[in-house]
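Note: the block below is structure_38.txt and it holds compact mmCIF, C-alpha atoms.
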```txt
# COMPACT_ATOMS: atom_id res chain seq x y z
CA MET Z 1 179.86 25.60 54.87
CA SER Z 2 180.46 25.22 58.57
CA GLN Z 3 182.81 27.60 60.36
CA PRO Z 4 186.01 26.52 62.11
CA LYS Z 5 185.69 26.11 65.86
CA VAL Z 6 188.28 27.44 68.35
CA SER Z 7 188.41 26.36 71.99
CA ALA Z 8 188.80 28.98 74.73
CA TYR Z 9 188.13 29.31 78.45
CA ARG Z 10 184.85 30.52 79.90
CA TRP Z 11 186.85 32.29 82.58
CA VAL Z 12 190.45 32.59 83.79
CA PRO Z 13 191.96 34.61 86.67
CA PRO Z 14 192.85 38.23 85.84
CA PHE Z 15 196.61 37.53 85.53
CA ALA Z 16 195.88 35.36 82.48
CA GLN Z 17 193.10 37.41 80.90
CA GLY Z 18 194.18 38.78 77.53
CA LEU Z 19 197.09 36.32 77.38
CA VAL Z 20 195.40 32.94 76.80
CA ARG Z 21 196.67 31.50 73.56
CA ASP Z 22 193.34 31.30 71.75
CA LEU Z 23 194.03 35.04 71.27
CA ARG Z 24 196.63 34.11 68.64
CA VAL Z 25 194.18 32.01 66.65
CA ARG Z 26 191.33 34.52 66.96
CA TRP Z 27 193.69 37.27 65.76
CA ALA Z 28 194.89 35.21 62.78
CA LEU Z 29 191.30 34.40 61.78
CA GLU Z 30 190.32 38.09 62.04
CA GLU Z 31 193.30 39.12 59.86
CA ALA Z 32 192.37 36.45 57.31
CA GLY Z 33 188.68 37.45 57.38
CA ILE Z 34 187.51 33.99 58.45
CA ALA Z 35 184.44 33.76 60.70
CA TYR Z 36 184.65 31.19 63.50
CA GLU Z 37 182.74 29.65 66.38
CA GLU Z 38 183.90 29.23 69.97
CA ARG Z 39 184.07 26.02 71.96
CA LEU Z 40 184.07 27.49 75.48
CA ILE Z 41 185.39 25.15 78.17
CA GLY Z 42 185.80 25.32 81.93
CA LEU Z 43 189.18 24.92 83.62
CA SER Z 44 187.99 21.46 84.77
CA ASP Z 45 187.06 20.32 81.23
CA GLN Z 46 190.79 20.43 80.42
CA LYS Z 47 191.20 17.04 82.03
CA SER Z 48 188.12 15.39 80.52
CA GLU Z 49 188.68 12.40 78.26
CA GLU Z 50 186.73 14.15 75.51
CA TYR Z 51 188.90 17.26 75.57
CA LEU Z 52 192.16 15.32 75.92
CA ARG Z 53 191.26 13.49 72.72
CA LEU Z 54 191.28 16.89 70.99
CA GLN Z 55 194.24 18.33 72.95
CA PRO Z 56 196.48 15.68 74.57
CA PHE Z 57 198.10 18.26 76.89
CA GLY Z 58 194.75 19.66 78.05
CA GLN Z 59 195.60 23.16 76.86
CA VAL Z 60 193.78 25.87 74.94
CA PRO Z 61 193.30 26.41 71.97
CA THR Z 62 192.13 23.64 69.68
CA PHE Z 63 191.04 24.22 66.10
CA GLU Z 64 188.43 22.06 64.38
CA ASP Z 65 187.72 22.63 60.70
CA GLY Z 66 185.91 19.84 58.85
CA GLU Z 67 188.10 16.74 59.05
CA MET Z 68 191.01 18.84 60.36
CA ALA Z 69 191.59 18.83 64.12
CA MET Z 70 194.65 20.72 65.33
CA PHE Z 71 196.13 22.06 68.54
CA GLU Z 72 199.17 24.27 69.41
CA SER Z 73 198.52 27.93 68.71
CA GLY Z 74 201.69 28.20 66.60
CA ALA Z 75 200.67 25.34 64.32
CA ILE Z 76 197.14 26.70 63.94
CA VAL Z 77 198.34 30.22 63.11
CA LEU Z 78 200.73 28.72 60.55
CA HIS Z 79 197.89 26.65 59.06
CA ILE Z 80 195.73 29.77 58.67
CA ALA Z 81 198.68 31.80 57.34
CA GLU Z 82 199.36 29.22 54.65
CA GLN Z 83 195.91 29.95 53.26
CA SER Z 84 195.90 33.73 53.57
CA GLU Z 85 198.25 36.35 52.13
CA ALA Z 86 197.00 38.64 54.90
CA LEU Z 87 199.38 36.72 57.17
CA MET Z 88 202.23 35.57 54.93
CA PRO Z 89 203.69 36.91 51.66
CA ALA Z 90 203.36 34.79 48.51
CA HIS Z 91 207.08 34.78 47.63
CA PRO Z 92 209.01 31.71 48.87
CA VAL Z 93 211.75 33.81 50.52
CA GLY Z 94 209.19 35.89 52.40
CA ARG Z 95 207.39 32.71 53.46
CA ALA Z 96 210.61 31.16 54.76
CA GLN Z 97 211.42 34.33 56.71
CA THR Z 98 207.92 34.48 58.17
CA LYS Z 99 208.23 30.89 59.39
CA THR Z 100 211.72 31.60 60.74
CA TRP Z 101 210.41 34.44 62.90
CA MET Z 102 207.31 32.51 63.95
CA PHE Z 103 209.57 29.84 65.43
CA ALA Z 104 211.92 32.51 66.83
CA ALA Z 105 208.99 34.04 68.73
CA LEU Z 106 207.82 30.72 70.17
CA ASN Z 107 211.09 28.82 70.64
CA SER Z 108 213.76 31.51 71.29
CA VAL Z 109 211.90 34.46 72.86
CA GLU Z 110 208.90 32.93 74.64
CA PRO Z 111 210.50 30.14 76.75
CA PRO Z 112 212.49 32.41 79.13
CA ILE Z 113 209.44 34.69 79.43
CA THR Z 114 207.25 31.72 80.43
CA MET Z 115 209.93 30.76 82.95
CA LEU Z 116 209.96 34.28 84.41
CA ASN Z 117 206.17 34.30 84.77
CA MET Z 118 206.28 30.88 86.42
CA LEU Z 119 208.84 32.17 88.95
CA ASP Z 120 206.81 35.29 89.67
CA LEU Z 121 203.75 33.17 90.49
CA GLN Z 122 205.58 31.28 93.26
CA PRO Z 123 204.92 32.07 96.96
CA ALA Z 124 206.94 35.03 98.28
CA GLU Z 125 209.36 32.96 100.38
CA VAL Z 126 210.13 30.62 97.48
CA ARG Z 127 210.76 33.64 95.25
CA GLU Z 128 213.07 35.16 97.85
CA ARG Z 129 215.17 31.99 98.02
CA ALA Z 130 215.27 31.75 94.22
CA LYS Z 131 216.26 35.33 93.50
CA GLU Z 132 219.55 34.36 91.85
CA ILE Z 133 217.59 32.15 89.47
CA ARG Z 134 215.22 35.02 88.71
CA ALA Z 135 218.18 37.31 87.97
CA ALA Z 136 219.59 34.71 85.55
CA VAL Z 137 216.23 34.34 83.81
CA VAL Z 138 215.73 38.12 83.54
CA GLU Z 139 219.19 38.32 81.98
CA ARG Z 140 218.18 35.70 79.45
CA VAL Z 141 214.92 37.52 78.60
CA GLN Z 142 216.81 40.83 78.37
CA GLY Z 143 219.32 39.23 76.01
CA ARG Z 144 216.53 38.14 73.66
CA LEU Z 145 214.92 41.58 73.76
CA ASP Z 146 218.27 43.30 73.09
CA ARG Z 147 218.80 41.15 70.01
CA LEU Z 148 215.22 41.69 68.87
CA ALA Z 149 215.65 45.47 69.22
CA ALA Z 150 218.94 45.31 67.28
CA PHE Z 151 217.24 43.37 64.49
CA LEU Z 152 214.20 45.65 64.34
CA GLY Z 153 216.30 48.82 64.17
CA GLY Z 154 214.05 51.19 62.20
CA ARG Z 155 211.85 48.37 60.86
CA GLU Z 156 208.12 48.53 61.52
CA HIS Z 157 207.70 44.75 61.14
CA LEU Z 158 209.90 41.67 61.33
CA VAL Z 159 209.58 40.43 57.74
CA ALA Z 160 209.02 41.79 54.23
CA ASN Z 161 208.13 45.36 55.35
CA ARG Z 162 204.61 44.32 56.25
CA PHE Z 163 202.59 42.71 59.03
CA THR Z 164 202.83 38.90 59.02
CA ALA Z 165 202.03 35.94 61.27
CA ALA Z 166 205.53 36.43 62.72
CA ASP Z 167 204.53 39.84 64.14
CA LEU Z 168 201.30 38.31 65.39
CA LEU Z 169 203.10 35.66 67.43
CA MET Z 170 205.90 37.99 68.60
CA THR Z 171 203.36 40.54 69.85
CA THR Z 172 201.54 37.92 71.92
CA VAL Z 173 204.89 36.80 73.37
CA LEU Z 174 205.85 40.39 74.34
CA ARG Z 175 202.42 40.91 75.96
CA ALA Z 176 203.28 38.18 78.46
CA LEU Z 177 205.85 40.58 79.99
CA ARG Z 178 203.13 43.08 80.96
CA ASN Z 179 203.74 42.60 84.71
CA THR Z 180 207.41 43.61 84.29
CA ASP Z 181 209.10 46.77 83.00
CA LEU Z 182 211.23 44.80 80.53
CA VAL Z 183 209.35 45.80 77.38
CA GLY Z 184 208.26 49.23 78.62
CA LYS Z 185 211.86 50.36 79.04
CA MET Z 186 212.78 49.49 75.45
CA PRO Z 187 211.08 52.17 73.32
CA SER Z 188 211.51 50.46 69.93
CA ILE Z 189 210.03 47.16 71.14
CA GLU Z 190 207.24 48.89 73.04
CA ALA Z 191 206.39 50.90 69.89
CA TYR Z 192 206.46 47.69 67.84
CA ARG Z 193 204.09 45.96 70.27
CA LEU Z 194 201.69 48.92 70.31
CA ARG Z 195 201.80 49.18 66.51
CA CYS Z 196 200.73 45.55 66.15
CA GLU Z 197 198.13 45.78 68.92
CA ALA Z 198 196.56 48.82 67.23
CA ARG Z 199 195.39 46.64 64.36
CA PRO Z 200 191.59 46.30 64.25
CA ALA Z 201 191.90 42.52 63.95
CA PHE Z 202 193.84 42.39 67.23
CA GLN Z 203 191.32 44.59 69.01
CA LYS Z 204 188.45 42.38 67.82
CA ALA Z 205 190.27 39.21 68.86
CA LEU Z 206 191.08 40.60 72.31
CA ALA Z 207 187.49 41.75 72.87
CA ALA Z 208 186.26 38.29 71.83
CA GLN Z 209 188.55 36.57 74.33
CA MET Z 210 187.56 38.94 77.15
CA ALA Z 211 183.78 38.83 76.58
CA PRO Z 212 183.15 35.41 78.18
CA PHE Z 213 185.38 36.32 81.18
CA ALA Z 214 183.09 39.25 82.01
CA ALA Z 215 179.97 37.11 81.54
CA ASN Z 216 181.28 34.18 83.59
CA ALA Z 217 183.23 35.82 86.41
CA PRO Z 218 182.80 33.85 89.64
CA PRO Z 219 180.90 35.69 92.42
CA ASN Z 220 184.06 36.39 94.46
CA ALA Z 221 186.43 37.26 91.61
CA MET Q 1 223.78 23.15 41.89
CA SER Q 2 225.29 24.27 45.16
CA GLN Q 3 224.45 22.45 48.38
CA PRO Q 4 222.68 24.03 51.33
CA LYS Q 5 224.95 25.16 54.14
CA VAL Q 6 224.24 24.50 57.84
CA SER Q 7 226.06 26.29 60.68
CA ALA Q 8 227.39 24.28 63.62
CA TYR Q 9 229.99 24.66 66.35
CA ARG Q 10 233.59 23.56 65.97
CA TRP Q 11 233.52 22.48 69.60
CA VAL Q 12 231.19 22.66 72.62
CA PRO Q 13 231.62 21.32 76.18
CA PRO Q 14 230.62 17.67 76.70
CA PHE Q 15 227.28 18.52 78.38
CA ALA Q 16 226.09 20.00 75.06
CA GLN Q 17 227.68 17.51 72.65
CA GLY Q 18 225.00 15.57 70.77
CA LEU Q 19 222.35 18.11 71.77
CA VAL Q 20 223.24 21.21 69.71
CA ARG Q 21 220.32 22.05 67.48
CA ASP Q 22 222.08 21.71 64.15
CA LEU Q 23 221.48 17.99 64.87
CA ARG Q 24 217.82 18.52 63.95
CA VAL Q 25 218.66 20.05 60.60
CA ARG Q 26 221.35 17.48 59.77
CA TRP Q 27 218.89 14.68 60.63
CA ALA Q 28 216.14 16.18 58.46
CA LEU Q 29 218.54 16.56 55.53
CA GLU Q 30 219.71 12.95 55.94
CA GLU Q 31 216.10 11.68 55.99
CA ALA Q 32 215.33 13.73 52.88
CA GLY Q 33 218.50 12.55 51.13
CA ILE Q 34 219.86 16.09 50.67
CA ALA Q 35 223.64 16.57 50.77
CA TYR Q 36 224.84 19.65 52.65
CA GLU Q 37 227.91 21.63 53.65
CA GLU Q 38 228.88 22.82 57.12
CA ARG Q 39 229.65 26.37 58.20
CA LEU Q 40 231.66 25.63 61.35
CA ILE Q 41 231.87 28.50 63.81
CA GLY Q 42 233.60 29.09 67.14
CA LEU Q 43 231.69 30.03 70.27
CA SER Q 44 233.10 33.56 69.87
CA ASP Q 45 231.86 33.92 66.27
CA GLN Q 46 228.32 33.89 67.67
CA LYS Q 47 228.63 37.56 68.53
CA SER Q 48 230.30 38.67 65.28
CA GLU Q 49 228.40 41.18 63.16
CA GLU Q 50 228.64 38.82 60.20
CA TYR Q 51 227.05 35.91 62.05
CA LEU Q 52 224.42 38.09 63.73
CA ARG Q 53 223.30 39.19 60.27
CA LEU Q 54 222.53 35.52 59.55
CA GLN Q 55 221.23 34.69 63.05
CA PRO Q 56 220.07 37.72 65.06
CA PHE Q 57 220.13 35.76 68.36
CA GLY Q 58 223.65 34.43 67.75
CA GLN Q 59 222.52 30.80 67.93
CA VAL Q 60 223.16 27.67 65.89
CA PRO Q 61 221.97 26.52 63.33
CA THR Q 62 221.52 28.70 60.29
CA PHE Q 63 220.50 27.37 56.89
CA GLU Q 64 221.62 28.97 53.63
CA ASP Q 65 220.23 27.65 50.35
CA GLY Q 66 220.57 29.92 47.32
CA GLU Q 67 218.64 33.12 48.07
CA MET Q 68 217.07 31.47 51.13
CA ALA Q 69 218.65 32.28 54.51
CA MET Q 70 216.86 30.86 57.53
CA PHE Q 71 217.45 30.26 61.23
CA GLU Q 72 215.53 28.46 64.03
CA SER Q 73 215.90 24.69 63.84
CA GLY Q 74 212.11 24.19 63.89
CA ALA Q 75 211.55 26.50 60.92
CA ILE Q 76 214.37 24.88 58.95
CA VAL Q 77 213.13 21.34 59.63
CA LEU Q 78 209.64 22.44 58.55
CA HIS Q 79 211.08 23.99 55.38
CA ILE Q 80 212.85 20.73 54.50
CA ALA Q 81 209.77 18.65 55.42
CA GLU Q 82 207.58 20.71 53.10
CA GLN Q 83 209.76 19.50 50.23
CA SER Q 84 210.15 15.86 51.22
CA GLU Q 85 207.58 13.16 51.84
CA ALA Q 86 210.26 11.37 53.88
CA LEU Q 87 209.41 13.86 56.65
CA MET Q 88 205.73 14.70 56.14
CA PRO Q 89 202.80 12.84 54.56
CA ALA Q 90 201.22 14.26 51.40
CA HIS Q 91 197.63 14.33 52.71
CA PRO Q 92 196.51 17.69 54.16
CA VAL Q 93 195.25 16.13 57.41
CA GLY Q 94 198.56 14.32 57.96
CA ARG Q 95 200.44 17.54 57.22
CA ALA Q 96 198.37 19.50 59.72
CA GLN Q 97 198.94 16.82 62.38
CA THR Q 98 202.67 16.78 61.68
CA LYS Q 99 202.87 20.55 62.13
CA THR Q 100 200.73 20.33 65.28
CA TRP Q 101 203.18 17.90 66.89
CA MET Q 102 206.23 19.81 65.66
CA PHE Q 103 204.99 22.85 67.58
CA ALA Q 104 203.95 20.65 70.52
CA ALA Q 105 207.53 19.35 70.77
CA LEU Q 106 209.08 22.82 70.66
CA ASN Q 107 206.51 24.97 72.45
CA SER Q 108 204.79 22.62 74.96
CA VAL Q 109 207.37 19.95 75.81
CA GLU Q 110 210.75 21.61 75.32
CA PRO Q 111 210.40 24.85 77.37
CA PRO Q 112 210.17 23.22 80.83
CA ILE Q 113 213.01 20.87 79.87
CA THR Q 114 215.21 23.84 78.90
CA MET Q 115 214.32 25.44 82.23
CA LEU Q 116 215.28 22.28 84.12
CA ASN Q 117 218.65 22.10 82.35
CA MET Q 118 219.26 25.77 83.08
CA LEU Q 119 218.57 25.17 86.79
CA ASP Q 120 220.85 22.13 86.87
CA LEU Q 121 223.73 24.19 85.45
CA GLN Q 122 223.61 26.69 88.35
CA PRO Q 123 226.22 26.57 91.15
CA ALA Q 124 225.42 24.05 93.91
CA GLU Q 125 224.44 26.64 96.53
CA VAL Q 126 222.07 28.41 94.13
CA ARG Q 127 220.50 25.07 93.25
CA GLU Q 128 220.08 24.23 96.93
CA ARG Q 129 218.22 27.48 97.58
CA ALA Q 130 216.05 27.00 94.50
CA LYS Q 131 215.06 23.38 95.16
CA GLU Q 132 211.33 24.21 95.43
CA ILE Q 133 211.55 25.79 91.98
CA ARG Q 134 213.27 22.70 90.65
CA ALA Q 135 210.54 20.49 92.10
CA ALA Q 136 207.89 22.64 90.41
CA VAL Q 137 209.72 22.47 87.08
CA VAL Q 138 210.22 18.69 87.33
CA GLU Q 139 206.48 18.38 87.99
CA ARG Q 140 205.79 20.39 84.85
CA VAL Q 141 208.16 18.25 82.75
CA GLN Q 142 206.66 15.08 84.24
CA GLY Q 143 203.17 16.32 83.38
CA ARG Q 144 204.16 16.76 79.73
CA LEU Q 145 205.77 13.32 79.60
CA ASP Q 146 202.70 11.70 81.22
CA ARG Q 147 200.44 13.23 78.58
CA LEU Q 148 202.85 12.26 75.80
CA ALA Q 149 202.91 8.66 77.07
CA ALA Q 150 199.09 8.61 77.26
CA PHE Q 151 198.87 9.86 73.68
CA LEU Q 152 201.47 7.44 72.34
CA GLY Q 153 199.83 4.42 73.99
CA GLY Q 154 200.76 1.59 71.64
CA ARG Q 155 201.69 3.94 68.78
CA GLU Q 156 205.18 3.69 67.28
CA HIS Q 157 205.10 7.28 66.01
CA LEU Q 158 203.17 10.47 66.75
CA VAL Q 159 201.41 10.95 63.42
CA ALA Q 160 200.04 8.89 60.53
CA ASN Q 161 201.60 5.56 61.67
CA ARG Q 162 204.98 6.56 60.27
CA PHE Q 163 208.08 8.58 61.11
CA THR Q 164 207.66 12.30 60.47
CA ALA Q 165 209.37 15.60 61.28
CA ALA Q 166 207.27 15.61 64.47
CA ASP Q 167 209.09 12.51 65.75
CA LEU Q 168 212.38 14.05 64.70
CA LEU Q 169 211.84 17.16 66.83
CA MET Q 170 210.27 15.28 69.76
CA THR Q 171 213.23 12.88 69.89
CA THR Q 172 215.73 15.74 70.06
CA VAL Q 173 213.65 17.32 72.86
CA LEU Q 174 213.59 14.07 74.86
CA ARG Q 175 217.36 13.69 74.43
CA ALA Q 176 217.84 16.89 76.40
CA LEU Q 177 216.68 14.99 79.52
CA ARG Q 178 219.64 12.59 79.32
CA ASN Q 179 221.14 13.82 82.60
CA THR Q 180 217.92 12.97 84.46
CA ASP Q 181 215.99 9.73 84.98
CA LEU Q 182 212.74 11.29 83.74
CA VAL Q 183 212.66 9.57 80.34
CA GLY Q 184 214.45 6.40 81.44
CA LYS Q 185 211.75 5.57 83.97
CA MET Q 186 208.96 5.79 81.37
CA PRO Q 187 209.38 2.63 79.24
CA SER Q 188 207.06 3.67 76.37
CA ILE Q 189 208.76 7.04 75.92
CA GLU Q 190 212.23 5.57 76.27
CA ALA Q 191 211.34 2.92 73.64
CA TYR Q 192 209.97 5.66 71.37
CA ARG Q 193 213.18 7.70 71.70
CA LEU Q 194 215.38 4.66 71.02
CA ARG Q 195 213.22 3.65 68.03
CA CYS Q 196 213.71 7.08 66.44
CA GLU Q 197 217.40 7.25 67.32
CA ALA Q 198 217.96 3.84 65.69
CA ARG Q 199 217.24 5.35 62.27
CA PRO Q 200 220.35 5.42 60.06
CA ALA Q 201 219.69 9.09 59.22
CA PHE Q 202 219.86 9.97 62.94
CA GLN Q 203 223.08 8.03 63.42
CA LYS Q 204 224.69 9.79 60.45
CA ALA Q 205 223.56 13.20 61.68
CA LEU Q 206 224.84 12.57 65.20
CA ALA Q 207 228.21 11.35 63.92
CA ALA Q 208 228.46 14.46 61.72
CA GLN Q 209 227.81 16.78 64.66
CA MET Q 210 230.32 14.95 66.87
CA ALA Q 211 233.18 14.73 64.31
CA PRO Q 212 234.37 18.35 64.61
CA PHE Q 213 234.20 18.17 68.44
CA ALA Q 214 236.74 15.35 68.43
CA ALA Q 215 238.95 17.16 65.92
CA ASN Q 216 238.81 20.51 67.74
CA ALA Q 217 238.83 19.56 71.42
CA PRO Q 218 240.85 22.10 73.43
CA PRO Q 219 244.06 20.71 74.99
CA ASN Q 220 242.60 20.63 78.52
CA ALA Q 221 239.12 19.34 77.67
```
The structure given in the file should be rewritten as structure tokens.
Amino acid sequence: MSQPKVSAYRWVPPFAQGLVRDLRVRWALEEAGIAYEERLIGLSDQKSEEYLRLQPFGQVPTFEDGEMAMFESGAIVLHIAEQSEALMPAHPVGRAQTKTWMFAALNSVEPPITMLNMLDLQPAEVRERAKEIRAAVVERVQGRLDRLAAFLGGREHLVANRFTAADLLMTTVLRALRNTDLVGKMPSIEAYRLRCEARPAFQKALAAQMAPFAANAPPNA
Amino acid sequence: MSQPKVSAYRWVPPFAQGLVRDLRVRWALEEAGIAYEERLIGLSDQKSEEYLRLQPFGQVPTFEDGEMAMFESGAIVLHIAEQSEALMPAHPVGRAQTKTWMFAALNSVEPPITMLNMLDLQPAEVRERAKEIRAAVVERVQGRLDRLAAFLGGREHLVANRFTAADLLMTTVLRALRNTDLVGKMPSIEAYRLRCEARPAFQKALAAQMAPFAANAPPNA
């Protein structure tokens, strides 16, 4: 039987290394014990007709498995989780809660974090003029993290007292704050992130994403 | 058998009327032919301990159905779609594509639109200083719409030549651009939005969201 194929970049600049969203799919496949192949693409292949047929927004990752061709890391992780109890409990209530928190990670927590990162990548003088906007966005991110911390309380995981696909997605969302002190100053969320990242499947997935970056670094990078 | 219960606001300011996310769940339930009850809350109830137990981020909607208690409109729509062919085809490939586009709507298309609306709600002088940021965000939204239009081409719906939960979510995302000309100037996307909004289930859901706003408008609104 052929293995599923996941698209990823040959190389990205350091600020994105370890954050590209194929990490989510690699991690889910490692947790589920499913071997996979890579479809490594260059930043320019994103706009090729061939790749846009697979991924209409030109993003990474895609997931090809027999007649199945998917994109959107959240949808792919859900697809894998539906086939593996390593990522989602069998009981209907636990499944509903896992899906609830998967969407919470991607639709309630991630958007203001993406916005913050977009602001912080602007030229210095644009950032200076937009500092009130940045303050409003930080407040929004902080509000999500406060509510997440309140929910977690003494819990080790979001759902069903065990690791699920919801923790997988939430961890990758929290990682995107690594250039700020927003997670670091909240001990319970930082401990949660580190707990999830300590999983062997995460470490394997991260190493697999990073390997091509080292092999394909441009001469001046 | 008791009916599922969906939370919604008693009243919101006009800029949010017709956009609050319980609309997605109401629409999905109407398409699936499932009767439901409302749990109407005030803006202040959002922060009550009781409501935060149901919805840790204090948002609308929640969905209560027997022992099932969910939040996140995307997760709830998916949960309903998994039980109704009115929202998702039976074939595994069609199901995977539906989920792909559900996540695309909420995680690739919606975030820059939310950011744009957040910017446009800032005070005039803040907006003036942040106009380069706004231009960058508009470019990002436009990029998503361009790719969506290219994918749609002559298609009437996103997946499987029929209406699915993916169209439901995408339509609600596009509606959030109603204070801009970004959708209006793209005829194929505007036609797509209008085609989906013409469905009787959408019209019923919208009327149901709007009814309490009329009944509970504050004296000075």
List the neighbours of Gln142 in chain Q out to 9 Å using all atoms listed in the file; skip same-chain residues closer than 5 positions along the sequence, and give me the result as number ranges by chain.
-> Q: 137, 147, 182
Output file for the residues above (C-alpha atoms, as a compact mmCIF listing (two decimals), in the frame of the given file):
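Saved file result_6.txt follows:
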```txt
# COMPACT_ATOMS: atom_id res chain seq x y z
CA VAL Q 137 209.72 22.47 87.08
CA ARG Q 147 200.44 13.23 78.58
CA LEU Q 182 212.74 11.29 83.74
```
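Distance-wise, CA of Gly143 in chain Z and CA of Glu128 in chain Z end up 23.1 Å apart.
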Please, which residues in chain Q fall within 6 Å of chain Z when counting only C-alpha atoms, and what is the closest atom pair and distance in Å to one decimal for each, ordered by chain then residue number, as a tab-separated table?
```
residue	atom	partner	partner_atom	distance
Q:Phe57	CA	Z:Arg147	CA	5.8
Q:Met68	CA	Z:Val93	CA	5.8
Q:Phe71	CA	Z:Thr100	CA	5.9
Q:Glu72	CA	Z:Thr100	CA	5.9
Q:Ala75	CA	Z:Thr100	CA	5.1
Q:Val93	CA	Z:Met68	CA	5.8
Q:Lys99	CA	Z:Ala75	CA	5.7
Q:Thr100	CA	Z:Ala75	CA	5.1
Q:Phe103	CA	Z:Ala75	CA	6.0
Q:Pro111	CA	Z:Pro111	CA	5.3
Q:Arg129	CA	Z:Arg129	CA	5.5
Q:Ala130	CA	Z:Ala130	CA	4.8
Q:Arg147	CA	Z:Phe57	CA	5.8
```
In Å and to one decimal, CA of Val25 in chain Z is distant from CA of Ala205 in chain Z by 8.5 Å
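Going from CA of Ala215 in chain Z to CA of Arg39 in chain Z covers 15.2 Å.
Shell of range 185-195 of chain Z at 9 Å, with all atoms listed in the file counted and residues fewer than 2 places along the chain excluded, is Z:Leu145, Z:Asp146, Z:Leu148, Z:Ala149, Z:Leu152, Z:Gly153, Z:Gly154, Z:Arg155, Z:Glu156, Z:His157, Z:Asp167, Z:Met170, Z:Thr171, Z:Thr172, Z:Leu174, Z:Arg175, Z:Asp181, Z:Leu182, Z:Val183, Z:Glu197, Z:Ala198, Z:Arg199.
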Nearest to Arg24 in chain Z, chosen from Z:Ala201, Z:Leu158, Z:Ile41, Z:Val12, with only C-alpha atoms counted in the distances = Z:Ala201
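Using all atoms listed in the file, the protein and nucleic acid residues lying at most 10 Å from the point (189.4, 26.3, 58.5) are Z:Ser2, Z:Gln3, Z:Pro4, Z:Lys5, Z:Val6, Z:Leu29, Z:Ile34, Z:Ala35, Z:Tyr36, Z:Phe63, Z:Glu64, Z:Asp65, Z:Gly66, Z:Glu67, Z:Met68, Z:Ala69, Z:Ile76, Z:His79, Z:Ile80, Z:Gln83.
Closest approach to Ile113 in chain Q among Q:Glu82, Q:Glu38, Q:Glu139, Q:Glu30: Q:Glu139, based on all atoms listed in the file.
The residue that comes closest to Leu168 in chain Q, out of Q:Phe15, Q:Tyr9, Q:Phe213, Q:Phe202 and on the basis of only C-alpha atoms, is Q:Phe202.
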Which polymer residues have any atom within 6 Å of an atom of Leu87 in chain Q, counting all atoms listed in the file, with same-chain residues fewer than 6 positions away left out, as a ChimeraX atom specification?
-> /Q:81,164-165
What box, with edges along x, y and z, holds each listed atom of range 81-92 of chain Z when 8 Å is added on every side, and can you state its centre and edge lengths in Å to one decimal, as AutoDock Vina command-line options?
```
--center_x 202.5 --center_y 33.9 --center_z 52.5 --size_x 29.1 --size_y 25.4 --size_z 25.7
```
Give as a PyMOL selection string every residue, naming chains and numbers as the document does, that has an atom within 10 Å of (189.6, 27.1, 85.0), counting all atoms listed in the file.
-> chain Z and resi 9-13+41-46
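Proximity ranking of Z:Leu54, Z:Val60, Z:Leu177, Z:Ala214 relative to Asp22 in chain Z places Z:Val60 first, based on all atoms listed in the file.
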Reconstructed range 23-30 of chain Q, atom set N, CA, C and O atoms, as a CSV table (one decimal), in the coordinates of the input:
```csv
chain,number,residue,atom,x,y,z
Q,23,LEU,N,221.8,19.4,65.0
Q,23,LEU,CA,221.5,18.0,64.9
Q,23,LEU,C,220.1,17.8,64.2
Q,23,LEU,O,220.0,16.9,63.3
Q,24,ARG,N,219.2,18.6,64.6
Q,24,ARG,CA,217.8,18.5,64.0
Q,24,ARG,C,217.9,18.7,62.4
Q,24,ARG,O,217.2,18.0,61.7
Q,25,VAL,N,218.6,19.7,62.0
Q,25,VAL,CA,218.7,20.0,60.6
Q,25,VAL,C,219.5,19.0,59.8
Q,25,VAL,O,219.0,18.5,58.8
Q,26,ARG,N,220.6,18.6,60.4
Q,26,ARG,CA,221.4,17.5,59.8
Q,26,ARG,C,220.5,16.2,59.6
Q,26,ARG,O,220.5,15.6,58.6
Q,27,TRP,N,219.7,15.9,60.7
Q,27,TRP,CA,218.9,14.7,60.6
Q,27,TRP,C,217.8,14.8,59.5
Q,27,TRP,O,217.6,13.9,58.7
Q,28,ALA,N,217.2,16.0,59.5
Q,28,ALA,CA,216.1,16.2,58.5
Q,28,ALA,C,216.7,16.1,57.0
Q,28,ALA,O,216.1,15.4,56.2
Q,29,LEU,N,217.9,16.6,56.9
Q,29,LEU,CA,218.5,16.6,55.5
Q,29,LEU,C,218.9,15.1,55.2
Q,29,LEU,O,218.7,14.7,54.0
Q,30,GLU,N,219.4,14.4,56.2
Q,30,GLU,CA,219.7,13.0,55.9
Q,30,GLU,C,218.4,12.2,55.6
Q,30,GLU,O,218.5,11.3,54.6
```
